[in-house]
>>> print(open('work_28.csv').read())   # CSV, C-alpha atoms and all ligand atoms
chain,number,residue,atom,x,y,z
V,1,MET,CA,-1.1,-82.4,195.4
V,2,THR,CA,-3.4,-79.4,196.2
V,3,ALA,CA,-7.1,-80.0,196.0
V,4,MET,CA,-9.5,-78.3,193.7
V,5,ILE,CA,-11.8,-76.2,195.9
V,6,ILE,CA,-15.4,-76.8,194.9
V,7,ASP,CA,-17.1,-73.4,194.8
V,8,GLY,CA,-20.6,-73.9,196.3
V,9,LYS,CA,-21.4,-70.3,196.3
V,10,ALA,CA,-20.9,-70.0,192.5
V,11,LEU,CA,-22.6,-73.3,191.8
V,12,ALA,CA,-25.6,-72.3,194.0
V,13,ALA,CA,-26.0,-69.1,192.0
V,14,ARG,CA,-26.1,-71.2,188.9
V,15,VAL,CA,-28.8,-73.5,190.5
V,16,ARG,CA,-30.8,-70.4,191.5
V,17,ALA,CA,-30.6,-69.1,187.9
V,18,GLU,CA,-31.9,-72.5,186.6
V,19,VAL,CA,-34.7,-72.3,189.2
V,20,ALA,CA,-35.6,-68.7,188.1
V,21,GLU,CA,-35.9,-70.0,184.5
V,22,GLN,CA,-38.2,-72.9,185.6
V,23,VAL,CA,-40.2,-70.3,187.6
V,24,ARG,CA,-40.8,-68.2,184.5
V,25,GLU,CA,-41.9,-71.4,182.7
V,26,VAL,CA,-44.4,-72.2,185.5
V,27,ILE,CA,-45.8,-68.7,185.4
V,28,ALA,CA,-46.1,-68.8,181.6
V,29,ARG,CA,-48.0,-72.1,181.6
V,30,ALA,CA,-50.0,-71.9,184.8
V,31,GLY,CA,-50.4,-68.1,185.3
V,32,MET,CA,-49.1,-68.3,188.8
V,33,PRO,CA,-45.7,-68.6,190.5
V,34,PRO,CA,-44.6,-71.5,192.6
V,35,GLY,CA,-45.3,-70.7,196.3
V,36,LEU,CA,-43.3,-71.6,199.4
V,37,ALA,CA,-44.6,-71.1,202.9
V,38,LEU,CA,-41.9,-70.7,205.6
V,39,ILE,CA,-42.8,-71.3,209.2
V,40,ARG,CA,-40.6,-70.3,212.0
V,41,VAL,CA,-41.6,-70.7,215.7
V,42,GLY,CA,-39.8,-68.8,218.4
V,43,GLU,CA,-36.6,-66.8,218.4
V,44,ASP,CA,-33.8,-69.3,217.7
V,45,PRO,CA,-31.1,-66.9,216.3
V,46,ALA,CA,-29.7,-69.5,213.8
V,47,SER,CA,-33.2,-70.3,212.5
V,48,ALA,CA,-33.9,-66.6,212.0
V,49,VAL,CA,-30.7,-66.3,209.8
V,50,TYR,CA,-31.6,-69.4,207.8
V,51,VAL,CA,-35.2,-68.3,207.2
V,52,ARG,CA,-34.1,-64.8,206.2
V,53,GLY,CA,-31.7,-66.5,203.6
V,54,LYS,CA,-34.6,-68.6,202.3
V,55,VAL,CA,-37.0,-65.6,202.0
V,56,LYS,CA,-34.3,-63.7,200.1
V,57,ALA,CA,-33.7,-66.6,197.7
V,58,CYS,CA,-37.4,-66.8,197.0
V,59,ALA,CA,-37.4,-63.2,196.0
V,60,GLU,CA,-34.4,-63.6,193.8
V,61,THR,CA,-35.8,-66.6,191.9
V,62,GLY,CA,-39.4,-65.4,191.6
V,63,VAL,CA,-40.9,-68.0,194.0
V,64,ALA,CA,-43.7,-66.5,196.1
V,65,GLY,CA,-42.6,-66.7,199.7
V,66,PHE,CA,-45.2,-66.7,202.5
V,67,GLU,CA,-43.5,-66.1,205.8
V,68,HIS,CA,-45.2,-67.2,209.0
V,69,LEU,CA,-43.3,-66.1,212.2
V,70,LEU,CA,-45.0,-67.5,215.2
V,71,PRO,CA,-44.3,-66.8,218.9
V,72,GLU,CA,-42.5,-69.3,221.1
V,73,ALA,CA,-45.7,-69.9,223.0
V,74,THR,CA,-47.5,-71.3,219.9
V,75,THR,CA,-49.2,-74.6,220.8
V,76,GLN,CA,-48.9,-77.9,219.0
V,77,ASP,CA,-52.6,-77.5,217.9
V,78,GLU,CA,-52.1,-74.0,216.6
V,79,LEU,CA,-49.1,-75.1,214.5
V,80,LEU,CA,-51.0,-78.2,213.2
V,81,SER,CA,-53.9,-76.0,212.3
V,82,LEU,CA,-51.6,-73.6,210.3
V,83,VAL,CA,-50.1,-76.6,208.4
V,84,ARG,CA,-53.6,-77.8,207.5
V,85,THR,CA,-54.5,-74.4,206.3
V,86,LEU,CA,-51.4,-74.3,204.1
V,87,ASN,CA,-52.1,-77.8,202.9
V,88,SER,CA,-55.3,-76.5,201.3
V,89,ASP,CA,-54.0,-73.1,200.1
V,90,ALA,CA,-53.7,-73.3,196.3
V,91,ARG,CA,-51.0,-70.6,196.2
V,92,VAL,CA,-48.7,-72.7,198.4
V,93,HIS,CA,-46.9,-75.6,196.7
V,94,GLY,CA,-44.2,-76.2,199.4
V,95,VAL,CA,-44.2,-75.8,203.1
V,96,LEU,CA,-41.0,-75.5,205.2
V,97,VAL,CA,-41.1,-75.8,208.9
V,98,GLN,CA,-37.8,-74.5,210.2
V,99,LEU,CA,-36.3,-77.0,212.7
V,100,PRO,CA,-35.6,-77.1,215.6
V,101,LEU,CA,-39.1,-76.4,217.0
V,102,PRO,CA,-39.6,-75.4,220.7
V,103,ARG,CA,-39.5,-78.4,223.0
V,104,HIS,CA,-43.2,-78.5,223.6
V,105,ILE,CA,-44.0,-79.1,219.9
V,106,SER,CA,-43.4,-82.5,218.3
V,107,ALA,CA,-41.7,-82.1,214.9
V,108,ASP,CA,-42.9,-85.6,214.0
V,109,LEU,CA,-46.6,-84.7,214.4
V,110,VAL,CA,-46.0,-81.6,212.3
V,111,LEU,CA,-44.2,-83.5,209.5
V,112,ASP,CA,-47.0,-86.1,209.6
V,113,ALA,CA,-49.6,-83.4,209.1
V,114,LEU,CA,-48.0,-82.0,206.0
V,115,LEU,CA,-49.3,-83.1,202.6
V,116,PRO,CA,-46.5,-85.3,201.1
V,117,GLU,CA,-46.6,-83.3,197.8
V,118,LYS,CA,-45.9,-80.0,199.8
V,119,ASP,CA,-43.1,-81.5,201.8
V,120,ALA,CA,-40.5,-79.1,200.3
V,121,ASP,CA,-37.7,-80.3,202.7
V,122,GLY,CA,-38.4,-83.9,202.0
V,123,PHE,CA,-38.3,-84.7,205.8
V,124,GLY,CA,-41.7,-86.3,206.1
V,125,PRO,CA,-42.3,-90.0,206.4
V,126,HIS,CA,-43.8,-90.3,202.9
V,127,SER,CA,-40.7,-88.6,201.3
V,128,ALA,CA,-38.3,-90.6,203.4
V,129,GLY,CA,-40.1,-93.9,202.6
V,130,ALA,CA,-40.1,-93.1,198.8
V,131,LEU,CA,-36.4,-92.4,199.0
V,132,ALA,CA,-35.7,-95.7,200.8
V,133,LEU,CA,-37.8,-97.6,198.3
V,134,GLY,CA,-36.3,-95.9,195.3
V,135,ARG,CA,-39.6,-94.4,194.3
V,136,PRO,CA,-40.1,-90.8,192.9
V,137,GLY,CA,-40.6,-88.2,195.7
V,138,ILE,CA,-39.1,-85.0,197.1
V,139,ARG,CA,-35.5,-85.5,198.3
V,140,PRO,CA,-33.9,-83.6,201.2
V,141,CYS,CA,-32.1,-80.4,200.1
V,142,THR,CA,-28.7,-80.7,201.7
V,143,PRO,CA,-28.1,-84.2,200.3
V,144,LEU,CA,-29.2,-83.0,196.9
V,145,GLY,CA,-26.8,-80.1,197.2
V,146,CYS,CA,-24.0,-82.5,198.2
V,147,LEU,CA,-24.6,-84.7,195.1
V,148,ARG,CA,-24.6,-81.8,192.8
V,149,LEU,CA,-21.2,-80.6,194.3
V,150,LEU,CA,-19.8,-84.1,193.8
V,151,ASP,CA,-21.0,-84.1,190.2
V,152,GLU,CA,-19.7,-80.7,189.6
V,153,ALA,CA,-16.2,-81.9,190.7
V,154,GLY,CA,-16.4,-84.7,188.2
V,155,THR,CA,-16.5,-87.4,190.9
V,156,ARG,CA,-17.0,-91.0,189.8
V,157,LEU,CA,-19.6,-92.5,192.2
V,158,SER,CA,-20.4,-95.8,190.5
V,159,GLY,CA,-18.3,-98.5,192.3
V,160,ALA,CA,-16.5,-95.9,194.4
V,161,ARG,CA,-16.2,-96.4,198.2
V,162,ALA,CA,-18.3,-93.6,199.8
V,163,LEU,CA,-18.2,-92.9,203.5
V,164,VAL,CA,-20.9,-90.7,205.0
V,165,VAL,CA,-20.1,-89.7,208.6
V,166,GLY,CA,-23.3,-88.7,210.5
V,167,ARG,CA,-26.6,-90.5,210.3
V,168,SER,CA,-29.2,-87.8,210.9
V,169,ASN,CA,-32.6,-88.0,209.1
V,170,ILE,CA,-31.9,-84.7,207.4
V,171,VAL,CA,-28.4,-85.2,206.1
V,172,GLY,CA,-26.4,-88.5,206.6
V,173,LYS,CA,-29.1,-91.1,206.2
V,174,PRO,CA,-30.8,-89.7,203.0
V,175,LEU,CA,-27.4,-88.9,201.5
V,176,ALA,CA,-26.2,-92.5,202.0
V,177,LEU,CA,-29.4,-93.7,200.2
V,178,LEU,CA,-28.8,-91.2,197.3
V,179,LEU,CA,-25.2,-92.4,197.0
V,180,LEU,CA,-26.4,-96.0,197.0
V,181,GLU,CA,-28.8,-95.1,194.2
V,182,ARG,CA,-25.8,-93.8,192.2
V,183,ASN,CA,-24.1,-97.2,192.7
V,184,ALA,CA,-21.5,-96.2,195.3
V,185,THR,CA,-20.4,-98.7,197.9
V,186,VAL,CA,-21.6,-96.8,200.9
V,187,THR,CA,-20.5,-96.9,204.5
V,188,LEU,CA,-22.5,-94.9,207.1
V,189,ALA,CA,-20.4,-94.0,210.2
V,190,HIS,CA,-21.6,-92.4,213.4
V,191,SER,CA,-20.5,-91.8,217.0
V,192,ARG,CA,-20.2,-95.5,217.8
V,193,THR,CA,-18.0,-96.3,214.8
V,194,HIS,CA,-15.1,-98.2,216.1
V,195,ASP,CA,-12.2,-96.7,214.1
V,196,LEU,CA,-13.2,-93.6,212.2
V,197,ALA,CA,-9.7,-92.9,210.9
V,198,ALA,CA,-9.5,-96.3,209.3
V,199,GLU,CA,-12.9,-95.8,207.6
V,200,VAL,CA,-11.8,-92.4,206.3
V,201,ALA,CA,-8.6,-93.8,205.0
V,202,GLN,CA,-10.5,-96.2,202.6
V,203,ALA,CA,-13.0,-93.6,201.3
V,204,ASP,CA,-12.8,-92.4,197.7
V,205,VAL,CA,-15.7,-90.1,198.5
V,206,LEU,CA,-16.0,-88.6,202.0
V,207,VAL,CA,-19.0,-86.6,203.3
V,208,ALA,CA,-18.8,-85.3,206.8
V,209,ALA,CA,-22.1,-84.3,208.5
V,210,ILE,CA,-21.2,-84.4,212.2
V,211,GLY,CA,-21.2,-80.9,213.7
V,212,LYS,CA,-17.8,-81.1,215.5
V,213,ALA,CA,-15.0,-78.7,214.5
V,214,GLU,CA,-12.3,-80.3,212.3
V,215,ILE,CA,-12.8,-83.7,214.0
V,216,ILE,CA,-11.7,-85.4,210.8
V,217,ARG,CA,-8.0,-85.0,210.5
V,218,GLY,CA,-6.5,-84.2,207.1
V,219,ALA,CA,-3.9,-86.9,207.5
V,220,TRP,CA,-6.7,-89.6,207.6
V,221,ILE,CA,-7.9,-88.7,204.1
V,222,LYS,CA,-7.1,-91.1,201.2
V,223,PRO,CA,-4.9,-89.3,198.7
V,224,GLY,CA,-7.0,-88.3,195.7
V,225,ALA,CA,-10.4,-88.5,197.6
V,226,THR,CA,-13.2,-86.1,197.0
V,227,VAL,CA,-14.4,-84.4,200.2
V,228,VAL,CA,-17.7,-82.7,201.0
V,229,ASP,CA,-17.9,-81.0,204.3
V,230,VAL,CA,-21.4,-80.3,205.6
V,231,GLY,CA,-20.4,-79.3,209.1
V,232,MET,CA,-21.0,-75.8,210.3
V,233,ASN,CA,-19.0,-75.1,213.5
V,234,ARG,CA,-17.0,-72.5,215.3
V,235,ASN,CA,-13.4,-73.4,216.2
V,236,ALA,CA,-11.6,-72.3,219.4
V,237,ALA,CA,-10.9,-68.9,217.8
V,238,GLY,CA,-14.6,-68.4,217.0
V,239,LYS,CA,-14.1,-68.8,213.3
V,240,LEU,CA,-16.6,-70.7,211.2
V,241,CYS,CA,-15.2,-74.1,210.1
V,242,GLY,CA,-16.3,-77.5,209.0
V,243,ASP,CA,-15.9,-81.1,210.3
V,244,VAL,CA,-12.8,-81.6,208.3
V,245,GLU,CA,-9.3,-80.2,209.1
V,246,PHE,CA,-9.3,-78.2,205.9
V,247,ALA,CA,-5.7,-76.9,205.8
V,248,ALA,CA,-4.3,-80.5,205.9
V,249,ALA,CA,-7.1,-82.1,203.9
V,250,VAL,CA,-6.4,-79.8,201.0
V,251,GLU,CA,-2.9,-81.3,200.6
V,252,ARG,CA,-4.3,-84.8,200.1
V,253,ALA,CA,-7.7,-84.6,198.6
V,254,ARG,CA,-8.4,-84.3,194.8
V,255,ALA,CA,-11.3,-81.9,195.5
V,256,ILE,CA,-12.9,-80.4,198.6
V,257,THR,CA,-15.7,-78.1,199.6
V,258,PRO,CA,-14.9,-75.1,201.8
V,259,VAL,CA,-16.8,-73.9,204.9
V,260,PRO,CA,-18.3,-71.4,204.5
V,261,GLY,CA,-19.1,-71.3,200.8
V,262,GLY,CA,-19.6,-75.0,200.1
V,263,VAL,CA,-22.7,-77.0,201.1
V,264,GLY,CA,-24.6,-74.1,202.9
V,265,PRO,CA,-25.7,-72.1,199.8
V,266,MET,CA,-26.5,-75.3,197.9
V,267,THR,CA,-29.1,-76.3,200.6
V,268,ILE,CA,-31.1,-73.2,200.0
V,269,ALA,CA,-30.8,-73.4,196.2
V,270,TYR,CA,-32.3,-77.0,196.3
V,271,LEU,CA,-35.1,-75.9,198.6
V,272,LEU,CA,-36.2,-73.6,195.8
V,273,SER,CA,-35.7,-76.3,193.2
V,274,ASN,CA,-37.8,-78.7,195.3
V,275,THR,CA,-40.6,-76.0,195.5
V,276,VAL,CA,-40.6,-75.6,191.7
V,277,GLN,CA,-40.8,-79.4,191.2
V,278,ALA,CA,-43.6,-79.6,193.7
V,279,ALA,CA,-45.5,-76.8,191.9
V,280,ARG,CA,-45.0,-78.4,188.6
V,281,THR,CA,-46.5,-81.7,189.9
V,282,GLN,CA,-49.4,-79.9,191.6
V,283,LEU,CA,-50.2,-77.8,188.6
V,284,GLY,CA,-50.1,-80.7,186.2
V,285,LEU,CA,-47.0,-79.4,184.4
V,286,SER,CA,-44.7,-82.3,185.0
V,287,GLY,CA,-44.4,-83.1,181.3
V,288,PRO,CA,-42.3,-81.2,178.8
V,289,ALA,CA,-43.4,-77.6,177.9
V,290,LYS,CA,-45.6,-77.6,174.8
V,301,LIG,P1,-27.0,-84.3,214.1
V,301,LIG,O1,-26.5,-83.7,215.3
V,301,LIG,O2,-28.4,-84.6,213.9
V,301,LIG,O3,-26.1,-85.6,213.7
V,301,LIG,C1,-24.8,-85.7,213.9
V,301,LIG,C2,-24.3,-87.0,213.5
V,301,LIG,O4,-22.9,-87.1,213.7
V,301,LIG,C3,-24.9,-88.1,214.3
V,301,LIG,O5,-25.3,-89.2,213.5
V,301,LIG,C4,-23.8,-88.5,215.3
V,301,LIG,O6,-23.8,-89.9,215.6
V,301,LIG,C5,-22.5,-88.2,214.5
V,301,LIG,N1,-21.4,-88.0,215.3
V,301,LIG,C6,-21.3,-87.3,216.4
V,301,LIG,N2,-20.0,-87.3,216.9
V,301,LIG,C7,-19.4,-88.2,216.1
V,301,LIG,C8,-18.0,-88.7,216.2
V,301,LIG,N3,-17.2,-88.3,217.1
V,301,LIG,N4,-17.7,-89.5,215.2
V,301,LIG,C9,-18.5,-89.9,214.2
V,301,LIG,N5,-19.8,-89.4,214.2
V,301,LIG,C10,-20.2,-88.6,215.1
V,301,LIG,O7,-26.5,-83.2,213.0
V,301,LIG,P2,-27.0,-82.8,211.5
V,301,LIG,O8,-27.0,-84.0,210.6
V,301,LIG,O9,-28.3,-82.1,211.6
V,301,LIG,O10,-25.9,-81.8,211.1
V,301,LIG,C11,-24.5,-82.1,211.0
V,301,LIG,C12,-23.7,-80.9,210.8
V,301,LIG,O11,-24.1,-80.4,209.5
V,301,LIG,C13,-23.9,-79.7,211.7
V,301,LIG,O12,-22.7,-79.0,211.9
V,301,LIG,C14,-24.9,-78.8,211.1
V,301,LIG,O13,-24.8,-77.5,211.5
V,301,LIG,C15,-24.5,-79.0,209.6
V,301,LIG,N6,-25.6,-78.8,208.7
V,301,LIG,C16,-25.3,-78.0,207.6
V,301,LIG,C17,-26.3,-77.8,206.6
V,301,LIG,C18,-25.9,-76.9,205.5
V,301,LIG,O14,-26.8,-76.6,204.7
V,301,LIG,N7,-24.6,-76.5,205.4
V,301,LIG,C19,-27.6,-78.4,206.7
V,301,LIG,C20,-27.7,-79.3,207.8
V,301,LIG,C21,-26.8,-79.5,208.8
V,301,LIG,P3,-25.0,-90.6,216.5
V,301,LIG,O15,-26.1,-90.8,215.6
V,301,LIG,O16,-24.3,-91.9,216.9
V,301,LIG,O17,-25.2,-89.7,217.6
>>> encode(input="work_28.csv", output="structure tokens", more="lines below")
Ligand code: NDP
Amino acid sequence: MTAMIIDGKALAARVRAEVAEQVREVIARAGMPPGLALIRVGEDPASAVYVRGKVKACAETGVAGFEHLLPEATTQDELLSLVRTLNSDARVHGVLVQLPLPRHISADLVLDALLPEKDADGFGPHSAGALALGRPGIRPCTPLGCLRLLDEAGTRLSGARALVVGRSNIVGKPLALLLLERNATVTLAHSRTHDLAAEVAQADVLVAAIGKAEIIRGAWIKPGATVVDVGMNRNAAGKLCGDVEFAAAVERARAITPVPGGVGPMTIAYLLSNTVQAARTQLGLSGPAK
């Protein structure tokens, strides 16, 4: 069996087109576009690439992007003061603080300062608590993108054994909760998991969010499983690759996402989608269009 390759690039373009349509509706009803503030502190090269991608996607969908590039020497207080200014800026409906922040700044304090309704990434304590309690709220973008990829591949989640490898607050943990909400039987594995190969062998749905090149061997995968690979790594040859040994996994899985071109583009598309939903809530447009 050769797996279906789930095309995240094409699906993300479709999500961005859906977002662009919703942006037009917001403009028609409220007379203003949804606005997203993007804050980057310092010169982390990967962060610069990510923020550039997000600014470009804002322009493409009609979301107003407000970029704030701050020097490495920015103090905790200066950043908190910018967040508070954006909290009360009516043009801004979502605020994204690109992580990681320089070591002298606490990401927790910054996330605590952000108004929950503007928490476009869904990383703050209010959003995380709402997800854990099953209440409405903003959900993190990468997990939302993973779910959409699974749905696109026609994956049955209800009653399925789902294994999420990685328990970060931005990917693994929220994704496990979203899969639980969709009635999967969820296992959350991490670096202390006793026998990862045995866990993988049982999974109908496997999501890898580890950050170690091809650590999940293709031969471990249950035949017919659906695999979503969140990892972004460089292999020994310097080539971009995921956490799953793709060439072997493709021979066993029913469907699999590639790296690059899988989860990455979906994360940005759902950031914009979250911004539009935040704008609709703040502008009182949450009901159907009249
Ligand atoms: P973190 O480093 O925060 O978390 C990694 C997780 O993997 C931890 O829970 C860790 O366990 C677990 N882990 C580490 N080694 C092993 C192992 N040998 N076996 C099992 N589990 C292990 O990473 P992130 O969640 O932020 O990111 C994960 C990957 O996804 C990275 O490659 C990142 O670049 C990528 N990523 C991609 C995105 C995209 O849009 N495509 C978005 C976000 C991330 P423990 O908790 O015990 O330490």
>>> closest_residue(input="work_28.csv", among="V:Leu86, V:Leu144, V:Ala128, V:Leu149", to="Asn169 in chain V", atoms="all atoms listed in the file")
V:Ala128
>>> closest_residue(input="work_28.csv", among="V:Arg14, V:Arg192, V:Arg52, V:Lys239", to="Tyr270 in chain V", atoms="all atoms listed in the file")
V:Arg14
>>> residues_near_ligand(input="work_28.csv", ligand="ligand LIG 301 (chain V)", cutoff="7 Å", atoms="only C-alpha atoms and all ligand atoms", output="list in words")
Thr142, Val165, Gly166, Arg167, Ser168, Ile170, Val171, Gly172, Ala189, His190, Ser191, Arg192, Thr193, Leu196, Ala209, Ile210, Gly211, Lys212, Val230, Gly231, Met232, Asn233, Val263, Gly264, Pro265, Met266 and Thr267 of chain V
>>> residues_around(input="work_28.csv", residues="Arg254 in chain V", least_positions_apart="5", cutoff="8 Å", atoms="all atoms listed in the file", output="number ranges by chain")
V: 1-4, 223-226
>>> residues_around(input="work_28.csv", residues="range 106-113 of chain V", least_positions_apart="2", cutoff="12 Å", atoms="only C-alpha atoms", output="CSV table (one decimal) with C-alpha atoms, in the frame of the given file")
chain,number,residue,atom,x,y,z
V,39,ILE,CA,-42.8,-71.3,209.2
V,41,VAL,CA,-41.6,-70.7,215.7
V,75,THR,CA,-49.2,-74.6,220.8
V,76,GLN,CA,-48.9,-77.9,219.0
V,77,ASP,CA,-52.6,-77.5,217.9
V,78,GLU,CA,-52.1,-74.0,216.6
V,79,LEU,CA,-49.1,-75.1,214.5
V,80,LEU,CA,-51.0,-78.2,213.2
V,81,SER,CA,-53.9,-76.0,212.3
V,82,LEU,CA,-51.6,-73.6,210.3
V,83,VAL,CA,-50.1,-76.6,208.4
V,84,ARG,CA,-53.6,-77.8,207.5
V,85,THR,CA,-54.5,-74.4,206.3
V,86,LEU,CA,-51.4,-74.3,204.1
V,87,ASN,CA,-52.1,-77.8,202.9
V,88,SER,CA,-55.3,-76.5,201.3
V,95,VAL,CA,-44.2,-75.8,203.1
V,96,LEU,CA,-41.0,-75.5,205.2
V,97,VAL,CA,-41.1,-75.8,208.9
V,98,GLN,CA,-37.8,-74.5,210.2
V,99,LEU,CA,-36.3,-77.0,212.7
V,100,PRO,CA,-35.6,-77.1,215.6
V,101,LEU,CA,-39.1,-76.4,217.0
V,102,PRO,CA,-39.6,-75.4,220.7
V,103,ARG,CA,-39.5,-78.4,223.0
V,104,HIS,CA,-43.2,-78.5,223.6
V,115,LEU,CA,-49.3,-83.1,202.6
V,116,PRO,CA,-46.5,-85.3,201.1
V,117,GLU,CA,-46.6,-83.3,197.8
V,118,LYS,CA,-45.9,-80.0,199.8
V,119,ASP,CA,-43.1,-81.5,201.8
V,120,ALA,CA,-40.5,-79.1,200.3
V,121,ASP,CA,-37.7,-80.3,202.7
V,122,GLY,CA,-38.4,-83.9,202.0
V,123,PHE,CA,-38.3,-84.7,205.8
V,124,GLY,CA,-41.7,-86.3,206.1
V,125,PRO,CA,-42.3,-90.0,206.4
V,126,HIS,CA,-43.8,-90.3,202.9
V,127,SER,CA,-40.7,-88.6,201.3
V,128,ALA,CA,-38.3,-90.6,203.4
V,169,ASN,CA,-32.6,-88.0,209.1
>>> atom_distance(input="work_28.csv", atom1="CA of Leu38 in chain V", atom2="CA of Leu69 in chain V")
8.2 Å
>>> residues_around(input="work_28.csv", residues="Ala213 in chain V", least_positions_apart="4", cutoff="7 Å", atoms="all atoms listed in the file", output="MDAnalysis selection string")
chainID V and resid 233:235 241:243
>>> closest_residue(input="work_28.csv", among="V:Leu157, V:Val250, V:Val205, V:Ala130", to="Arg182 in chain V", atoms="all atoms listed in the file")
V:Leu157
>>> closest_residue(input="work_28.csv", among="V:Ile216, V:Val227, V:Leu272, V:Val51", to="Thr155 in chain V", atoms="only C-alpha atoms")
V:Val227
>>> residues_around(input="work_28.csv", residues="Val164 in chain V", least_positions_apart="2", cutoff="7 Å", atoms="only C-alpha atoms", output="PyMOL selection string")
chain V and resi 162+166+172+176+187-189+206-208
>>> atom_distance(input="work_28.csv", atom1="CA of Ala247 in chain V", atom2="CA of Asp204 in chain V")
18.9 Å
>>> closest_residue(input="work_28.csv", among="V:Val186, V:Ile138, V:Ala28, V:Ile5", to="Ala253 in chain V", atoms="only C-alpha atoms")
V:Ile5
>>> atom_distance(input="work_28.csv", atom1="CA of Asp229 in chain V", atom2="CA of Arg217 in chain V")
12.3 Å
>>> residues_around(input="work_28.csv", residues="range 16-25 of chain V", least_positions_apart="2", cutoff="7 Å", atoms="only C-alpha atoms", output="NGL selection string")
:V and (12-14 or 27-29 or 33-34 or 61-63 or 269 or 272-273 or 276)
>>> closest_residue(input="work_28.csv", among="V:Ala153, V:Ala57, V:Leu240, V:Ile105", to="Gly261 in chain V", atoms="only C-alpha atoms")
V:Leu240
>>> residues_near_point(input="work_28.csv", point="(-13.2, -78.1, 201.0)", cutoff="8 Å", atoms="all atoms listed in the file", output="mmCIF file with C-alpha atoms, in the frame of the given file")
data_model
loop_
_atom_site.group_PDB
_atom_site.id
_atom_site.type_symbol
_atom_site.label_atom_id
_atom_site.label_comp_id
_atom_site.auth_asym_id
_atom_site.auth_seq_id
_atom_site.Cartn_x
_atom_site.Cartn_y
_atom_site.Cartn_z
ATOM 1 C CA ILE V 5 -11.800 -76.200 195.900
ATOM 2 C CA ILE V 6 -15.400 -76.800 194.900
ATOM 3 C CA VAL V 227 -14.400 -84.400 200.200
ATOM 4 C CA VAL V 228 -17.700 -82.700 201.000
ATOM 5 C CA ASP V 229 -17.900 -81.000 204.300
ATOM 6 C CA PHE V 246 -9.300 -78.200 205.900
ATOM 7 C CA ALA V 249 -7.100 -82.100 203.900
ATOM 8 C CA VAL V 250 -6.400 -79.800 201.000
ATOM 9 C CA ALA V 255 -11.300 -81.900 195.500
ATOM 10 C CA ILE V 256 -12.900 -80.400 198.600
ATOM 11 C CA THR V 257 -15.700 -78.100 199.600
ATOM 12 C CA PRO V 258 -14.900 -75.100 201.800
ATOM 13 C CA VAL V 259 -16.800 -73.900 204.900
ATOM 14 C CA GLY V 262 -19.600 -75.000 200.100
#
